[in-house]
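As stored in input.txt (compact mmCIF, C-alpha atoms):
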```txt
# COMPACT_ATOMS: atom_id res chain seq x y z
CA MET E 611 0.00 0.00 0.00
CA PRO E 612 1.82 3.16 -1.16
CA ALA E 613 0.65 5.46 1.63
CA ALA E 614 1.48 2.90 4.31
CA LEU E 615 4.95 2.32 2.84
CA SER E 616 5.48 6.07 2.70
CA ALA E 617 4.57 6.35 6.36
CA LEU E 618 6.91 3.46 7.17
CA SER E 619 9.84 5.01 5.31
CA ALA E 620 9.32 8.34 7.07
CA LEU E 621 9.50 6.80 10.53
CA SER E 622 12.59 7.25 12.63
CA VAL E 623 14.07 3.99 13.93
CA PRO E 624 13.12 4.56 17.62
CA SER E 625 9.57 5.48 16.65
CA LEU E 626 9.24 2.42 14.40
CA LEU E 627 10.58 0.06 17.06
CA SER E 628 8.21 1.57 19.58
CA VAL E 629 5.04 0.78 17.59
CA LEU E 630 6.14 -2.66 16.33
CA PRO E 631 4.43 -4.53 19.22
CA VAL E 632 1.16 -2.75 18.43
CA LEU E 633 1.49 -3.67 14.76
CA ALA E 634 2.16 -7.28 15.76
CA VAL E 635 -1.23 -7.48 17.47
CA VAL E 636 -2.98 -6.17 14.36
CA VAL E 637 -1.10 -8.54 12.04
CA LEU E 638 -1.84 -11.60 14.21
CA LEU E 639 -5.56 -10.87 13.98
CA GLY E 640 -5.29 -11.87 10.34
CA LEU E 641 -4.57 -15.49 11.29
CA PRO E 642 -7.34 -18.12 11.39
CA VAL E 643 -8.98 -18.50 14.78
CA THR E 644 -9.06 -21.92 16.41
CA PRO E 645 -12.67 -22.75 17.35
CA GLY E 646 -13.23 -22.75 21.10
CA SER E 647 -9.87 -21.15 21.95
CA SER E 648 -10.01 -18.63 24.79
CA VAL E 649 -6.59 -17.06 24.16
CA THR E 650 -5.44 -16.11 20.67
CA PRO E 651 -1.96 -15.13 19.38
CA ALA E 652 -3.18 -11.51 19.26
CA ASP E 653 -4.06 -11.68 22.96
CA ALA E 654 -0.59 -13.01 23.72
CA ALA E 655 0.96 -10.22 21.66
CA SER E 656 -1.09 -7.67 23.61
CA GLY E 657 0.82 -8.84 26.68
CA LEU E 658 4.03 -7.96 24.84
CA VAL E 659 2.58 -4.52 24.11
CA VAL E 660 1.94 -3.93 27.81
CA LEU E 661 5.40 -5.27 28.74
CA CYS E 662 7.15 -2.99 26.23
CA ALA E 663 5.22 0.02 27.49
CA LEU E 664 6.16 -0.88 31.07
CA VAL E 665 9.85 -1.15 30.17
CA GLN E 666 9.69 2.20 28.39
CA ALA E 667 7.98 3.80 31.38
CA VAL E 668 10.60 2.43 33.78
CA ARG E 669 13.47 3.60 31.58
CA GLY E 670 11.98 7.07 31.05
CA ALA E 671 12.94 9.91 33.29
CA ARG E 672 9.43 11.40 33.34
CA ARG E 673 6.12 10.30 34.81
CA PRO E 674 4.56 8.13 32.07
CA LEU E 675 0.99 9.51 32.39
CA ASN E 676 -0.21 13.02 33.08
CA ARG E 677 -2.85 13.63 35.73
CA THR E 678 -5.82 13.54 33.35
CA ALA E 679 -4.72 10.25 31.80
CA ALA E 680 -4.14 8.71 35.22
CA VAL E 681 -7.65 9.66 36.33
CA LEU E 682 -9.40 8.53 33.13
CA PHE E 683 -7.73 5.12 33.15
CA GLY E 684 -7.74 4.78 36.93
CA LEU E 685 -11.51 5.15 37.29
CA PRO E 686 -12.35 1.99 35.29
CA VAL E 687 -10.02 0.01 37.55
CA VAL E 688 -12.21 0.93 40.51
CA GLY E 689 -15.49 -0.15 38.92
CA ILE E 690 -14.06 -3.33 37.41
CA THR E 691 -12.35 -4.39 40.64
CA VAL E 692 -15.48 -3.90 42.73
CA ALA E 693 -17.50 -5.93 40.21
CA ALA E 694 -14.86 -8.68 40.28
CA ALA E 695 -15.25 -8.92 44.04
CA GLY E 696 -18.93 -9.72 43.49
CA ALA E 697 -18.36 -12.48 40.92
CA LEU E 698 -19.94 -15.87 41.59
CA THR E 699 -16.67 -17.82 41.42
CA THR E 700 -12.99 -17.06 41.81
CA SER E 701 -12.40 -18.20 38.23
CA ASP E 702 -14.99 -15.75 36.91
CA ALA E 703 -13.50 -12.97 39.01
CA LEU E 704 -9.96 -13.51 37.79
CA SER E 705 -10.77 -14.09 34.11
CA GLY E 706 -13.27 -11.22 33.99
CA LEU E 707 -10.89 -8.85 35.77
CA ALA E 708 -8.03 -9.77 33.44
CA ARG E 709 -10.12 -9.33 30.28
CA HIS E 710 -11.68 -6.01 31.26
CA LEU E 711 -8.40 -4.54 32.44
CA GLN E 712 -6.67 -5.80 29.30
CA VAL E 713 -9.14 -4.16 26.91
CA PHE E 714 -10.10 -0.99 28.77
CA VAL E 715 -6.98 -0.08 30.75
CA LEU E 716 -3.72 -1.91 30.05
CA VAL E 717 -3.69 -2.04 26.24
CA PRO E 718 -4.99 1.56 25.78
CA VAL E 719 -2.39 2.92 28.20
CA ALA E 720 0.33 0.87 26.48
CA VAL E 721 -0.65 2.24 23.05
CA LEU E 722 -0.72 5.76 24.50
CA LEU E 723 2.88 5.30 25.66
CA LEU E 724 4.26 3.44 22.64
CA VAL E 725 2.88 5.71 19.90
CA ARG E 726 5.40 8.53 20.01
CA ASP E 727 4.40 10.79 17.11
CA ARG E 728 2.03 11.33 14.20
CA ARG E 729 4.00 9.05 11.91
CA GLY E 730 3.68 6.17 14.34
CA ALA E 731 -0.04 6.84 14.71
CA ARG E 732 -0.50 6.88 10.94
CA LEU E 733 1.28 3.55 10.64
CA VAL E 734 -1.04 1.97 13.21
CA LEU E 735 -4.04 3.43 11.39
CA TRP E 736 -2.85 2.07 8.05
CA SER E 737 -2.28 -1.32 9.66
CA LEU E 738 -5.96 -1.32 10.66
CA VAL E 739 -6.87 -0.56 7.04
CA GLY E 740 -4.58 -3.35 5.81
CA LEU E 741 -6.10 -5.88 8.23
CA ALA E 742 -9.58 -4.82 7.10
CA LEU E 743 -8.66 -5.32 3.44
CA TRP E 744 -7.30 -8.80 4.18
CA GLN E 745 -10.29 -9.92 6.21
CA GLY E 746 -12.69 -8.21 3.79
CA ALA E 747 -11.18 -10.00 0.78
CA ILE E 748 -11.64 -13.34 2.53
CA GLY E 749 -15.20 -12.38 3.42
CA VAL E 750 -16.13 -11.43 -0.15
CA HIS E 751 -14.67 -14.70 -1.40
CA GLN E 752 -16.74 -16.58 1.18
CA ASN E 753 -19.90 -14.88 -0.03
CA LEU E 754 -19.22 -15.46 -3.72
CA THR E 755 -18.26 -19.11 -3.27
CA ARG E 756 -20.87 -19.81 -0.58
CA THR E 757 -18.25 -20.90 1.92
CA GLY E 758 -19.13 -18.35 4.59
CA ALA E 759 -21.21 -18.64 7.74
CA LEU E 760 -24.81 -19.81 7.70
CA TYR E 761 -27.35 -17.07 6.99
CA GLN E 762 -30.99 -17.77 6.11
CA GLY E 763 -30.20 -21.31 5.02
CA ALA E 764 -27.17 -20.46 2.85
CA ASP E 765 -23.45 -20.20 3.68
CA ILE E 766 -23.15 -16.61 2.42
CA ARG E 767 -22.31 -14.54 5.50
CA ALA E 768 -18.84 -13.00 5.31
CA VAL E 769 -16.92 -13.73 8.51
CA GLY E 770 -13.27 -13.71 7.40
CA THR E 771 -10.96 -15.89 9.47
CA PHE E 772 -13.07 -15.51 12.63
CA GLY E 773 -15.55 -18.28 11.82
CA PRO E 774 -19.30 -18.55 12.43
CA SER E 775 -18.93 -18.47 16.22
CA ASP E 776 -17.75 -14.84 15.99
CA VAL E 777 -19.83 -13.32 13.20
CA MET E 778 -19.08 -9.81 14.49
CA GLY E 779 -15.31 -10.28 14.21
CA MET E 780 -14.87 -9.48 10.53
CA ALA E 781 -17.57 -6.80 10.65
CA THR E 782 -15.70 -5.04 13.47
CA VAL E 783 -12.33 -5.24 11.72
CA VAL E 784 -13.72 -4.02 8.38
CA ALA E 785 -15.68 -1.21 10.05
CA PHE E 786 -12.55 -0.01 11.83
CA GLY E 787 -10.80 -0.02 8.46
CA VAL E 788 -13.58 2.04 6.85
CA VAL E 789 -13.51 4.61 9.66
CA ALA E 790 -9.71 4.82 9.72
CA ALA E 791 -9.47 5.15 5.93
CA THR E 792 -12.20 7.80 5.87
CA GLY E 793 -10.41 9.84 8.52
CA LEU E 794 -7.06 9.50 6.76
CA ALA E 795 -8.61 10.63 3.48
CA LEU E 796 -10.42 13.62 4.97
CA GLY E 797 -7.65 14.76 7.28
CA THR E 798 -4.65 14.89 4.97
CA ARG E 799 -3.57 17.39 2.33
CA ALA E 800 -1.40 14.81 0.56
CA ARG E 801 -3.20 13.96 -2.68
CA ARG E 802 -1.86 10.41 -2.94
CA GLN E 803 -2.96 9.52 0.59
CA GLN E 804 -6.38 11.04 -0.06
CA VAL E 805 -6.90 8.88 -3.16
CA VAL E 806 -5.55 5.65 -1.67
CA ALA E 807 -7.48 6.05 1.59
CA ALA E 808 -10.72 6.94 -0.22
CA VAL E 809 -10.40 3.91 -2.52
CA CYS E 810 -9.79 1.65 0.47
CA ALA E 811 -12.81 3.06 2.32
CA VAL E 812 -15.11 2.51 -0.67
CA ALA E 813 -13.77 -1.00 -1.34
CA LEU E 814 -14.31 -2.01 2.28
CA LEU E 815 -18.00 -1.14 2.07
CA VAL E 816 -18.57 -4.34 0.08
CA PRO E 817 -17.41 -6.82 2.77
CA LEU E 818 -19.04 -4.66 5.44
CA ALA E 819 -22.37 -5.04 3.64
CA LEU E 820 -21.83 -8.79 3.20
CA SER E 821 -21.23 -9.21 6.93
CA PHE E 822 -24.98 -8.57 7.43
CA SER E 823 -24.15 -6.85 10.72
CA ARG E 824 -26.76 -4.20 11.36
CA GLY E 825 -24.99 -2.74 14.38
CA ALA E 826 -21.73 -2.34 12.45
CA TRP E 827 -23.58 -0.63 9.59
CA ILE E 828 -25.21 1.89 11.93
CA ALA E 829 -22.00 2.63 13.85
CA THR E 830 -19.96 3.00 10.64
CA ALA E 831 -22.48 5.37 9.07
CA PHE E 832 -22.54 7.45 12.25
CA ALA E 833 -18.74 7.61 12.69
CA CYS E 834 -18.01 8.40 9.03
CA GLY E 835 -20.81 10.95 8.93
CA ALA E 836 -19.43 12.63 12.05
CA GLN E 837 -15.96 12.82 10.51
CA LEU E 838 -17.42 14.41 7.38
CA LEU E 839 -19.33 16.98 9.41
CA LEU E 840 -16.19 17.82 11.37
CA VAL E 841 -14.44 18.87 8.15
CA GLY E 842 -17.39 20.90 6.85
CA VAL E 843 -21.10 20.62 6.16
CA ARG E 844 -20.79 21.43 2.45
CA ARG E 845 -18.16 18.78 1.89
CA ALA E 846 -20.22 16.28 3.87
CA ALA E 847 -23.25 16.90 1.67
CA LYS E 848 -21.21 16.22 -1.49
CA VAL E 849 -19.79 12.97 -0.10
CA PHE E 850 -23.20 11.81 1.13
CA ALA E 851 -24.66 12.40 -2.34
CA ALA E 852 -21.79 10.49 -3.99
CA ALA E 853 -22.13 7.60 -1.53
CA ALA E 854 -25.87 7.39 -2.16
CA ALA E 855 -25.26 7.30 -5.93
CA VAL E 856 -22.69 4.50 -5.56
CA ALA E 857 -25.09 2.51 -3.36
CA VAL E 858 -27.88 2.86 -5.91
CA VAL E 859 -25.61 1.67 -8.74
CA LEU E 860 -24.12 -1.28 -6.84
CA VAL E 861 -27.24 -2.54 -5.11
CA GLY E 862 -30.00 -1.37 -7.40
CA GLY E 863 -28.36 -1.30 -10.80
CA LEU E 864 -26.02 -4.28 -10.51
CA GLY E 865 -28.17 -6.24 -8.07
CA MET E 866 -25.35 -7.06 -5.65
CA GLY E 867 -27.32 -8.95 -2.99
CA ALA E 868 -30.14 -6.43 -3.22
CA ALA E 869 -32.89 -8.66 -1.81
CA THR E 870 -30.85 -9.97 1.12
CA LEU E 871 -29.43 -6.56 2.02
CA GLN E 872 -32.84 -4.92 1.75
CA GLU E 873 -34.33 -7.52 4.07
CA ARG E 874 -31.53 -6.98 6.58
CA LEU E 875 -31.86 -3.20 6.43
CA THR E 876 -35.63 -3.38 6.82
CA SER E 877 -35.28 -5.59 9.89
CA ILE E 878 -33.51 -2.75 11.74
CA THR E 879 -36.81 -0.93 12.15
CA GLN E 880 -38.95 -4.05 12.74
CA VAL E 881 -38.92 -3.90 16.52
CA THR E 882 -42.65 -4.23 17.15
CA ASP E 883 -43.89 -5.17 13.68
CA ALA E 884 -42.97 -8.82 13.03
CA PRO E 885 -39.33 -8.71 14.22
CA ASP E 886 -37.08 -11.68 13.48
CA GLN E 887 -35.95 -13.97 16.28
CA SER E 888 -32.54 -12.32 16.62
CA VAL E 889 -34.25 -9.00 17.36
CA VAL E 890 -36.62 -10.68 19.83
CA ASP E 891 -33.68 -12.32 21.61
CA ARG E 892 -31.76 -9.07 21.77
CA TYR E 893 -34.57 -7.03 23.28
CA THR E 894 -35.44 -9.85 25.67
CA MET E 895 -31.86 -9.92 26.94
CA TRP E 896 -31.84 -6.13 27.20
CA ALA E 897 -34.92 -6.33 29.42
CA ALA E 898 -33.26 -9.05 31.51
CA ALA E 899 -30.13 -6.92 31.96
CA GLY E 900 -32.24 -3.98 33.10
CA ASP E 901 -34.06 -6.21 35.58
CA MET E 902 -30.73 -7.42 37.00
CA TRP E 903 -29.62 -3.83 37.45
CA ARG E 904 -32.80 -2.89 39.28
CA GLY E 905 -32.09 -5.72 41.72
CA HIS E 906 -28.44 -4.69 42.22
CA PRO E 907 -28.32 -0.99 41.27
CA ILE E 908 -24.94 0.03 42.72
CA THR E 909 -22.46 -2.79 42.03
CA GLY E 910 -24.43 -5.16 39.78
CA VAL E 911 -24.53 -8.96 39.92
CA GLY E 912 -20.76 -9.38 39.44
CA LEU E 913 -18.36 -9.88 36.55
CA LYS E 914 -19.33 -12.67 34.12
CA ALA E 915 -22.49 -13.34 36.13
CA PHE E 916 -25.00 -12.37 33.41
CA PRO E 917 -25.41 -15.96 32.08
CA ALA E 918 -26.12 -17.31 35.56
CA HIS E 919 -28.84 -14.72 36.21
CA ARG E 920 -30.25 -14.56 32.68
CA ASP E 921 -32.95 -17.23 32.90
CA GLY E 922 -34.24 -15.85 36.18
CA HIS E 923 -34.92 -12.46 34.59
CA ALA E 924 -35.66 -13.21 30.90
CA SER E 925 -39.12 -13.85 29.48
CA LEU E 926 -40.18 -17.01 27.67
CA ALA E 927 -39.68 -15.20 24.33
CA LEU E 928 -35.91 -15.81 24.62
CA SER E 929 -34.68 -18.67 22.45
CA SER E 930 -32.17 -21.25 23.66
CA GLY E 931 -29.43 -19.93 21.42
CA SER E 932 -28.42 -19.02 17.89
CA ASP E 933 -27.61 -21.47 15.09
CA THR E 934 -24.04 -21.30 13.79
CA ALA E 935 -22.50 -23.27 10.95
CA GLY E 936 -20.46 -22.89 7.79
CA ALA E 937 -16.99 -21.42 7.14
CA GLY E 938 -15.43 -24.79 7.82
CA GLN E 939 -17.28 -25.52 11.07
CA ALA E 940 -20.07 -27.96 11.84
CA PHE E 941 -23.53 -26.92 12.99
CA ARG E 942 -23.82 -26.00 16.66
CA ARG E 943 -26.22 -24.16 18.91
CA GLN E 944 -24.43 -21.18 20.44
CA PRO E 945 -25.82 -20.05 23.81
CA LEU E 946 -26.75 -16.41 24.41
CA LEU E 947 -24.38 -15.37 27.19
CA SER E 948 -24.57 -11.57 27.05
CA PRO E 949 -27.13 -8.83 26.35
CA HIS E 950 -25.30 -7.66 23.20
CA ASN E 951 -25.22 -4.13 24.57
CA MET E 952 -22.07 -3.05 26.41
CA TYR E 953 -23.81 -0.40 28.46
CA LEU E 954 -26.46 -2.82 29.69
CA LEU E 955 -23.75 -5.41 30.35
CA LEU E 956 -21.97 -2.84 32.51
CA LEU E 957 -25.20 -1.96 34.30
CA SER E 958 -26.18 -5.58 34.96
CA GLU E 959 -22.75 -6.87 36.02
CA GLN E 960 -21.12 -3.73 37.45
CA GLY E 961 -24.08 -1.50 38.35
CA MET E 962 -24.08 2.29 38.25
CA LEU E 963 -20.56 2.31 39.66
CA GLY E 964 -19.25 0.39 36.66
CA LEU E 965 -21.25 2.39 34.12
CA LEU E 966 -20.05 5.73 35.50
CA THR E 967 -16.41 4.76 35.91
CA VAL E 968 -15.93 2.72 32.72
CA ALA E 969 -18.33 4.28 30.21
CA GLY E 970 -17.88 7.68 31.85
CA SER E 971 -14.15 7.54 31.12
CA TRP E 972 -14.87 6.82 27.43
CA LEU E 973 -17.20 9.81 27.18
CA ALA E 974 -14.70 12.08 28.90
CA LEU E 975 -11.96 10.88 26.55
CA LEU E 976 -14.15 11.62 23.53
CA VAL E 977 -14.95 15.14 24.78
CA ILE E 978 -11.26 15.92 25.33
CA ALA E 979 -10.32 14.50 21.91
CA LEU E 980 -13.01 16.52 20.11
CA ARG E 981 -12.04 19.72 21.91
CA ARG E 982 -8.43 19.23 20.88
CA LEU E 983 -9.54 18.51 17.33
CA ARG E 984 -11.41 21.82 17.17
CA ARG E 985 -8.27 23.70 18.29
CA SER E 986 -5.83 21.80 16.11
CA GLY E 987 -6.62 23.29 12.70
CA ARG E 988 -6.07 21.34 9.48
CA ALA E 989 -2.40 20.57 10.08
CA LEU E 990 -3.03 17.70 12.50
CA ARG E 991 -6.33 16.28 11.25
CA ASP E 992 -4.84 13.28 9.44
CA CYS E 993 -4.47 11.54 12.82
CA ALA E 994 -7.09 13.42 14.85
CA LEU E 995 -10.08 12.61 12.65
CA PRO E 996 -9.61 8.81 12.57
CA ALA E 997 -8.69 8.77 16.27
CA CYS E 998 -11.97 10.48 17.17
CA GLY E 999 -13.90 8.47 14.58
CA LEU E 1000 -12.74 5.12 15.95
CA LEU E 1001 -13.92 5.97 19.45
CA LEU E 1002 -17.22 7.29 18.10
CA TRP E 1003 -17.69 4.01 16.21
CA GLN E 1004 -17.01 2.00 19.33
CA LEU E 1005 -19.40 3.99 21.49
CA VAL E 1006 -22.25 3.63 18.97
CA ASN E 1007 -21.52 -0.03 18.28
CA PHE E 1008 -21.64 -0.76 22.00
CA LEU E 1009 -25.38 -0.08 21.75
CA TYR E 1010 -25.65 -3.32 19.73
CA ALA E 1011 -22.63 -5.33 20.88
CA ASP E 1012 -20.33 -5.97 23.81
CA ILE E 1013 -16.85 -7.37 24.32
CA GLY E 1014 -16.13 -10.92 23.24
CA GLY E 1015 -14.12 -12.70 20.58
CA PRO E 1016 -10.61 -12.16 19.20
CA SER E 1017 -11.40 -8.78 17.61
CA THR E 1018 -12.13 -7.30 21.05
CA ILE E 1019 -8.45 -6.46 21.46
CA LEU E 1020 -8.83 -3.89 18.67
CA ALA E 1021 -11.14 -1.91 20.96
CA GLY E 1022 -8.20 -1.45 23.32
CA ILE E 1023 -5.91 -0.34 20.48
CA CYS E 1024 -8.48 2.17 19.23
CA LEU E 1025 -9.01 3.54 22.73
CA GLY E 1026 -5.24 3.90 22.97
CA LEU E 1027 -5.06 5.83 19.68
CA THR E 1028 -7.76 8.21 20.86
CA ALA E 1029 -5.98 8.60 24.19
CA TRP E 1030 -2.71 9.33 22.36
CA TRP E 1031 -4.39 12.15 20.46
CA ALA E 1032 -6.31 13.50 23.46
CA LEU E 1033 -3.85 12.99 26.32
CA GLY E 1034 -0.37 12.23 24.99
CA ARG E 1035 2.55 14.32 26.17
CA GLU E 1036 3.42 15.16 22.59
CA ALA E 1037 -0.11 16.41 21.91
CA LYS E 1038 0.84 20.04 21.58
CA VAL E 1039 -1.79 21.81 19.55
CA PRO E 1040 -0.17 24.62 17.57
CA ALA E 1041 -1.47 28.13 17.88
CA ARG E 1042 -3.77 29.45 15.19
CA THR E 1043 -0.96 31.62 13.89
CA THR E 1044 1.34 28.65 13.30
CA ALA E 1045 2.01 27.86 9.65
CA PRO E 1046 0.04 24.81 8.49
CA ALA E 1047 3.15 23.15 7.05
CA ALA E 1048 4.48 22.21 10.46
CA GLU E 1049 4.92 18.53 9.56
CA SER E 1050 7.94 18.42 11.87
CA ASP E 1051 5.61 18.86 14.84
CA PRO E 1052 5.83 15.69 16.95
CA ARG E 1053 2.09 15.16 16.54
```
Target encoding structure tokens, full file:
Amino acid sequence: MPAALSALSALSVPSLLSVLPVLAVVVLLGLPVTPGSSVTPADAASGLVVLCALVQAVRGARRPLNRTAAVLFGLPVVGITVAAAGALTTSDALSGLARHLQVFVLVPVAVLLLVRDRRGARLVLWSLVGLALWQGAIGVHQNLTRTGALYQGADIRAVGTFGPSDVMGMATVVAFGVVAATGLALGTRARRQQVVAAVCAVALLVPLALSFSRGAWIATAFACGAQLLLVGVRRAAKVFAAAAAVAVVLVGGLGMGAATLQERLTSITQVTDAPDQSVVDRYTMWAAAGDMWRGHPITGVGLKAFPAHRDGHASLALSSGSDTAGAGQAFRRQPLLSPHNMYLLLLSEQGMLGLLTVAGSWLALLVIALRRLRRSGRALRDCALPACGLLLWQLVNFLYADIGGPSTILAGICLGLTAWWALGREAKVPARTTAPAAESDPR
């Protein structure tokens, strides 16, 4: 990829070595996932990321985190630890504590420390685009050859290397790639990067559509639309019109899965009027999560305790599980172990304390990042726009999904990129009078 190679060649050796562990996590997510495995190579590499950040912090002469960063990433530790103390078993407490701290504290802080400058951030962003292109290409091939996951009686659902047990994996990776590429295209003045990033964003829309993931579609549209509005309403209107024209040609004119996609899009609004079983299950579990919270409003029922309390709070409308098959795996009934809404999962398992400390830190981080973006001017938008867009995508997607599966580690990397932009020591926003050509600025 020309723009990615250009970013790589422009990196200084210390900066390149610093982000290599982060890139390793992204690259390892391109490997096939072993069915039933709880720890993936990417998870193991995330431990290396944390270790490298720790070594760098110990060797550095300065305090690794400023006060704001320490507070924002310290608050989730409080809520998660209290919820772990209320877990049903010691195993649930330890595994839940490790996973939540990994994704929401340790990996984001490590990325914040290891990404030293704008060039390093751009390389991480382009690696997300590259991973999305790889997984998306596999997903399109699965759809065309009918070797994907089972969907409405046919093996046509694009899932990449994640398999039918993690149908959101490829959708998440591809959506991150779309958002990152859109931000890179809108934020740069370099013509070549604009063209390459725009082409990548448009190409990734195909596997995103073939993932049949309604939550990913909504979150991607919201995040990309927000990035467009941040660079100007007039420009956003032009891009929206062009995107609508492309969609009409591809879906309407060429008939690329028009019937299936239309059915999936229509089902988004069918909440009370003949919803499909997946929608019924989702809203039933949402109601169950709310009922758990009302019974334990402050600290919740405990980490990883939702499955144990689910049947006692869910109505009879809830099915026993979802059917998964295809993409090289045999048919199996996959149990419904979470409410598929991160905020309700926090409320049910961690109570108001967990929601305020964990989700509250995300919202505060987004506000700080957007405020810095407004003050930065055009010179720094090539990293600022995708950094803000990725967090926006995650916050919207959490309305329809929660943590789980190998791709979850990307949430930690994206939080870290946003934190780097919002809180990093090198995040010096130039004054309005500074010349826009200040590419030598560490950001």
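Counting only C-alpha atoms, the residue from E:Ala969, E:Ala781, E:Leu722, E:Ala679 that sits nearest to E:Val734 is E:Leu722.
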(message) List as an MDAnalysis selection string the protein and nucleic acid residues near stretch 624-640 of chain E, meaning an atom at most 8 Å away when all atoms listed in the file are counted, but skip any in the same chain fewer than 6 places from it.
(response) chainID E and resid 618 651:653 655:656 658:659 662 721 724:727 730 734 737:738 741 744:745 771 1016:1017 1020 1023
(request) To one decimal in Å, tell me the separation between atom CA of E:Trp1030 and atom CA of E:Leu723. (result) 7.6 Å
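Among E:Ala813, E:Ala693, E:Leu954, E:Ala927, the residue with the shortest atom-to-atom distance to E:Ile1013, counting all atoms listed in the file, is E:Leu954.
From atom CA of E:Arg920 back to atom CA of E:Gln712, the distance works out to 25.4 Å.
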(request) Counting all atoms listed in the file, note down every residue that has an atom within 12 Å of the point (-8.7, 6.7, 8.0) (file coordinates), as a ChimeraX atom specification. (result) /E:613-614,731-740,742,784-798,803-812,814,833-834,837-838,991-1000
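Remark: for E:Gly964, the closest of the candidate residues E:His906, E:Arg729, E:Arg669, E:Arg799 is E:His906 (distances computed over only C-alpha atoms).
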(message) Would you pick out the contacts of E:Pro917 at 12 Å or less, using only C-alpha atoms, so that residues sharing its chain but fewer than 5 positions from it are not included, and give the list as a PyMOL selection string?
(response) chain E and resi 697-698+702+895+898-899+902+911-912+922-924+945-949+955+958-959
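Taking atom CA of E:Ile766 and atom CA of E:Gln752 as endpoints, the distance between them is 6.5 Å.
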Any chance you could turn stretch 655-671 of chain E into a file with N, CA and C atoms, as a compact mmCIF listing (two decimals), in the first residue's frame?
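Below is the file result.txt, written as the result:
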```txt
# COMPACT_ATOMS: atom_id res chain seq x y z
N ALA E 655 0.16 -11.37 22.09
CA ALA E 655 0.96 -10.22 21.66
C ALA E 655 0.57 -8.96 22.41
N SER E 656 -0.70 -8.85 22.83
CA SER E 656 -1.09 -7.67 23.61
C SER E 656 -0.34 -7.63 24.95
N GLY E 657 -0.02 -8.81 25.47
CA GLY E 657 0.82 -8.84 26.68
C GLY E 657 2.19 -8.27 26.42
N LEU E 658 2.74 -8.54 25.23
CA LEU E 658 4.03 -7.96 24.84
C LEU E 658 3.93 -6.45 24.73
N VAL E 659 2.80 -5.97 24.20
CA VAL E 659 2.58 -4.52 24.11
C VAL E 659 2.65 -3.87 25.49
N VAL E 660 1.96 -4.47 26.45
CA VAL E 660 1.94 -3.93 27.81
C VAL E 660 3.34 -4.00 28.42
N LEU E 661 4.04 -5.11 28.18
CA LEU E 661 5.40 -5.27 28.74
C LEU E 661 6.35 -4.21 28.17
N CYS E 662 6.28 -3.99 26.85
CA CYS E 662 7.15 -2.99 26.23
C CYS E 662 6.86 -1.59 26.75
N ALA E 663 5.58 -1.29 26.95
CA ALA E 663 5.22 0.02 27.49
C ALA E 663 5.73 0.17 28.93
N LEU E 664 5.67 -0.92 29.69
CA LEU E 664 6.16 -0.88 31.07
C LEU E 664 7.66 -0.64 31.11
N VAL E 665 8.39 -1.34 30.24
CA VAL E 665 9.85 -1.15 30.17
C VAL E 665 10.18 0.29 29.78
N GLN E 666 9.45 0.82 28.81
CA GLN E 666 9.69 2.20 28.39
C GLN E 666 9.39 3.18 29.51
N ALA E 667 8.33 2.91 30.27
CA ALA E 667 7.98 3.80 31.38
C ALA E 667 9.04 3.76 32.47
N VAL E 668 9.58 2.56 32.75
CA VAL E 668 10.60 2.43 33.78
C VAL E 668 11.89 3.12 33.36
N ARG E 669 12.24 3.00 32.08
CA ARG E 669 13.47 3.60 31.58
C ARG E 669 13.37 5.11 31.44
N GLY E 670 12.15 5.64 31.24
CA GLY E 670 11.98 7.07 31.05
C GLY E 670 12.23 7.84 32.33
N ALA E 671 12.65 9.06 32.14
CA ALA E 671 12.94 9.91 33.29
C ALA E 671 11.71 10.66 33.78
```
